[in-house]
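Here's the structure we're looking at; comments come further down.
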Amino acid sequence: MGVALEDDTAVERRIVAPGKAVEQRPRRRIVGGDRRQNVRHALPLYSAAIESGAFPADAERLKRVFAAQDGLLFVSPEYNGSVSPLLKNAIDWASRPTGDEGLVALVAYRGKAAAIMSASVSPFGGLRGLIHLRQILSTVQALVIPEQVLIPNAHAAFDESGALKDALPASLVDMTAMRLAKVAAALAS
Ligand SMILES: Cc1cc2nc3c(=O)[nH]c(=O)nc-3n(C[C@H](O)[C@H](O)[C@H](O)COP(=O)(O)O)c2cc1C
């Protein structure tokens with residue numbers, strides 16, 4: 001379980017898999033899947049023209065990765081008080097029907113638990129972006145758990161290994177990840 005956005009920013013280099021920071025190499029791609037399935041996806045900017053031509057293979061793959069999970073963990077920076085365009089684009093592609101699916105099948109999200117986390121150099125930790133992200137994920141029918149993690153002053157929050165320096169935010173990451181796992185398992189049963 002666990003789907004993460006990876007980008008070449010300080011925030012996104014600290015991708016949080018449940019309870020654990022993983023890879024830190026700069027990229028501008030989407031990482032989908034769990035630690036055993038670390039697949040990168042290159043997604044075009046969504047357009048109906050592209051979609052009606054040939055649904056991009058990477059978008060379909062990302063959607064299938066989402067659909068195969070019981071729970072989804074989104075970790076993102078904040079852009080102008082909202083989500084990054086990279087993340088919104090990925091969410092949008094994975095929301096689209098393919099094959100025989102109905103318009104609002106939303107197989108990538110419906111009935112799945114989701115959790116959200118952000119980090120920001122600001123003292124607010126990306127709170128405004130998370131408010132939007134929660135709303136977007138609810139719109140596509142994911143069940144976003146109430147727990148969330150904000151990491152303020154992100155430029156000083158991580159040590160050289162990419163781990164959070166302070167115990168409190170680190171414990172919140174673990175607690176939120178565990179809660180996500182619990183809700184995801186309950187929903188899947
Ligand atoms: C267009 C744009 C808008 C941004 N808006 C915000 C914002 O509203 N709040 C915030 O905390 N950071 C904002 N940022 C900063 C990004 O979150 C930051 O650039 C990103 O996390 C990369 O961090 P780094 O420069 O330390 O690698 C913005 C960055 C860009 C490019």
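Chain identifiers are assigned as A, B, and so on, following the order in which chains appear in the structure tokens; residues are numbered from 1 within each chain, and ligands are numbered from 1 in order of appearance.
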(message) Give me, as a ChimeraX atom specification, all polymer residues having an atom no more than 10 Å from Leu164 of chain A, counting only C-alpha atoms and skipping those fewer than 3 positions away in the same chain.
(response) /A:14,20-21,151,154,156-161,167-171,173
Can you write just those residues out, N, CA and C atoms, as a compact mmCIF listing (two decimals), in the first residue's frame?
```txt
# COMPACT_ATOMS: atom_id res chain seq x y z
N ARG A 14 11.67 13.89 0.12
CA ARG A 14 11.39 13.12 1.33
C ARG A 14 10.04 12.44 1.18
N LYS A 20 8.08 5.82 6.71
CA LYS A 20 9.49 5.75 6.36
C LYS A 20 9.80 6.64 5.15
N ALA A 21 10.86 7.45 5.26
CA ALA A 21 11.27 8.23 4.09
C ALA A 21 11.99 7.29 3.14
N ILE A 151 4.30 19.47 7.88
CA ILE A 151 5.66 19.71 8.35
C ILE A 151 6.01 21.17 8.03
N ALA A 154 10.10 23.36 6.55
CA ALA A 154 10.64 22.09 6.03
C ALA A 154 12.14 22.18 5.73
N ALA A 156 14.38 23.18 7.51
CA ALA A 156 15.18 22.84 8.68
C ALA A 156 14.65 21.60 9.39
N ALA A 157 13.66 20.94 8.81
CA ALA A 157 12.97 19.86 9.54
C ALA A 157 13.62 18.49 9.36
N PHE A 158 14.44 18.34 8.31
CA PHE A 158 14.99 17.01 8.00
C PHE A 158 16.50 16.98 8.24
N ASP A 159 17.01 15.85 8.68
CA ASP A 159 18.46 15.73 8.80
C ASP A 159 19.05 15.26 7.46
N GLU A 160 20.34 15.05 7.43
CA GLU A 160 20.98 14.75 6.15
C GLU A 160 20.54 13.42 5.55
N SER A 161 20.05 12.54 6.39
CA SER A 161 19.58 11.24 5.86
C SER A 161 18.15 11.33 5.35
N ALA A 167 10.89 14.45 17.10
CA ALA A 167 10.14 13.21 17.37
C ALA A 167 8.64 13.39 17.13
N LEU A 168 8.12 14.59 17.44
CA LEU A 168 6.66 14.75 17.35
C LEU A 168 6.14 14.58 15.92
N PRO A 169 6.65 15.37 14.95
CA PRO A 169 6.15 15.15 13.58
C PRO A 169 6.43 13.74 13.08
N ALA A 170 7.57 13.18 13.47
CA ALA A 170 7.89 11.80 13.03
C ALA A 170 6.84 10.84 13.57
N SER A 171 6.44 11.05 14.82
CA SER A 171 5.43 10.14 15.40
C SER A 171 4.08 10.36 14.73
N VAL A 173 3.65 11.13 11.57
CA VAL A 173 3.73 10.41 10.29
C VAL A 173 3.41 8.94 10.51
```
(request) Find the residues around Leu143 of chain A up to 8 Å (only C-alpha atoms counted), leave out those fewer than 3 positions away in its own chain, and share them as a list of chain:residue names. (result) A:Arg110, A:Gly111, A:Lys112, A:Ala113, A:Ala114, A:Leu137, A:Ser138
Residues within 12 Å of Val121 of chain A, please, as a PDB file with N, CA and C atoms, in the first residue's frame. Count only C-alpha atoms; anything in the same chain fewer than 4 positions from it doesn't count.
```pdb
ATOM      1  N   THR A   9      11.845  18.523  -5.696  1.00  0.00           N
ATOM      2  CA  THR A   9      11.870  19.563  -4.685  1.00  0.00           C
ATOM      3  C   THR A   9      12.326  19.001  -3.358  1.00  0.00           C
ATOM      4  N   ALA A  10      12.709  19.918  -2.479  1.00  0.00           N
ATOM      5  CA  ALA A  10      13.172  19.480  -1.167  1.00  0.00           C
ATOM      6  C   ALA A  10      12.094  18.687  -0.444  1.00  0.00           C
ATOM      7  N   VAL A  11      10.861  19.132  -0.599  1.00  0.00           N
ATOM      8  CA  VAL A  11       9.767  18.431   0.069  1.00  0.00           C
ATOM      9  C   VAL A  11       9.611  17.035  -0.486  1.00  0.00           C
ATOM     10  N   PRO A  77       4.013  19.102  -1.673  1.00  0.00           N
ATOM     11  CA  PRO A  77       4.267  20.488  -1.267  1.00  0.00           C
ATOM     12  C   PRO A  77       3.028  21.323  -1.605  1.00  0.00           C
ATOM     13  N   GLU A  78       3.114  22.609  -1.354  1.00  0.00           N
ATOM     14  CA  GLU A  78       1.992  23.514  -1.633  1.00  0.00           C
ATOM     15  C   GLU A  78       2.420  24.502  -2.721  1.00  0.00           C
ATOM     16  N   TYR A  79       1.534  24.701  -3.689  1.00  0.00           N
ATOM     17  CA  TYR A  79       1.812  25.689  -4.729  1.00  0.00           C
ATOM     18  C   TYR A  79       0.712  26.755  -4.701  1.00  0.00           C
ATOM     19  N   GLY A 125       3.149  24.909   7.026  1.00  0.00           N
ATOM     20  CA  GLY A 125       3.348  23.503   6.671  1.00  0.00           C
ATOM     21  C   GLY A 125       2.559  23.012   5.468  1.00  0.00           C
ATOM     22  N   GLY A 126       2.033  23.938   4.654  1.00  0.00           N
ATOM     23  CA  GLY A 126       1.263  23.507   3.480  1.00  0.00           C
ATOM     24  C   GLY A 126      -0.197  23.241   3.782  1.00  0.00           C
ATOM     25  N   LEU A 127      -0.699  23.808   4.869  1.00  0.00           N
ATOM     26  CA  LEU A 127      -2.081  23.545   5.292  1.00  0.00           C
ATOM     27  C   LEU A 127      -3.105  23.885   4.211  1.00  0.00           C
ATOM     28  N   LEU A 150       1.352  17.863   8.739  1.00  0.00           N
ATOM     29  CA  LEU A 150       1.929  19.090   8.184  1.00  0.00           C
ATOM     30  C   LEU A 150       3.338  19.224   8.741  1.00  0.00           C
ATOM     31  N   ILE A 151       4.297  19.472   7.876  1.00  0.00           N
ATOM     32  CA  ILE A 151       5.661  19.709   8.350  1.00  0.00           C
ATOM     33  C   ILE A 151       6.010  21.166   8.031  1.00  0.00           C
ATOM     34  N   PRO A 152       5.950  22.065   9.003  1.00  0.00           N
ATOM     35  CA  PRO A 152       6.328  23.455   8.761  1.00  0.00           C
ATOM     36  C   PRO A 152       7.851  23.614   8.755  1.00  0.00           C
ATOM     37  N   ASN A 153       8.318  24.737   8.255  1.00  0.00           N
ATOM     38  CA  ASN A 153       9.759  25.048   8.226  1.00  0.00           C
ATOM     39  C   ASN A 153      10.558  23.856   7.685  1.00  0.00           C
ATOM     40  N   ALA A 154      10.103  23.356   6.549  1.00  0.00           N
ATOM     41  CA  ALA A 154      10.642  22.095   6.028  1.00  0.00           C
ATOM     42  C   ALA A 154      12.138  22.176   5.727  1.00  0.00           C
ATOM     43  N   HIS A 155      12.628  23.398   5.440  1.00  0.00           N
ATOM     44  CA  HIS A 155      14.050  23.537   5.106  1.00  0.00           C
ATOM     45  C   HIS A 155      14.933  23.120   6.286  1.00  0.00           C
ATOM     46  N   ALA A 156      14.379  23.179   7.505  1.00  0.00           N
ATOM     47  CA  ALA A 156      15.180  22.840   8.678  1.00  0.00           C
ATOM     48  C   ALA A 156      14.653  21.603   9.394  1.00  0.00           C
ATOM     49  N   ALA A 157      13.655  20.936   8.810  1.00  0.00           N
ATOM     50  CA  ALA A 157      12.971  19.862   9.539  1.00  0.00           C
ATOM     51  C   ALA A 157      13.619  18.488   9.356  1.00  0.00           C
ATOM     52  N   PHE A 158      14.439  18.336   8.309  1.00  0.00           N
ATOM     53  CA  PHE A 158      14.990  17.006   8.000  1.00  0.00           C
ATOM     54  C   PHE A 158      16.501  16.984   8.240  1.00  0.00           C
TER      55      PHE A 158
END
```
(message) Using only C-alpha atoms and all ligand atoms, can you tell me which of A:Leu86, A:Val104, A:Ala119, A:Ile136 comes closest to ligand 1?
(response)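 Residue with the minimum atom-to-atom distance to ligand 1: A:Ala119.
The closest residue to ligand 1, picked from A:Ser120, A:Gln69, A:Ser76, A:Asn89 and counting only C-alpha atoms and all ligand atoms, is A:Ser120.
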(request) Point out the residue among A:Ala57, A:Val183, A:Val83, A:Ala163 with the least atom-to-atom distance to Gln135 of chain A, counting only C-alpha atoms. (result)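 Checking each of A:Ala57, A:Val183, A:Val83, A:Ala163 against Gln135 of chain A, counting only C-alpha atoms, the winner is A:Val83.
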Each residue of segment 76-173 of chain A lying at most 10 Å from segment 42-49 of chain A should get a row with its shortest atom-to-atom pair and the distance in Å to one decimal, counting only C-alpha atoms; could you produce that, ordered by chain and increasing number, as a Markdown table?
```
| residue | atom | partner | partner_atom | distance |
| --- | --- | --- | --- | --- |
| A:Pro85 | CA | A:Leu45 | CA | 9.1 |
| A:Leu86 | CA | A:Leu45 | CA | 8.5 |
| A:Lys88 | CA | A:Tyr46 | CA | 9.7 |
| A:Asn89 | CA | A:Tyr46 | CA | 6.3 |
| A:Ala90 | CA | A:Leu43 | CA | 7.2 |
| A:Asp92 | CA | A:Tyr46 | CA | 7.3 |
| A:Trp93 | CA | A:Tyr46 | CA | 6.5 |
```
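When atom CA of Lys182 of chain A is paired with atom CA of Glu101 of chain A, their separation reads 28.7 Å.
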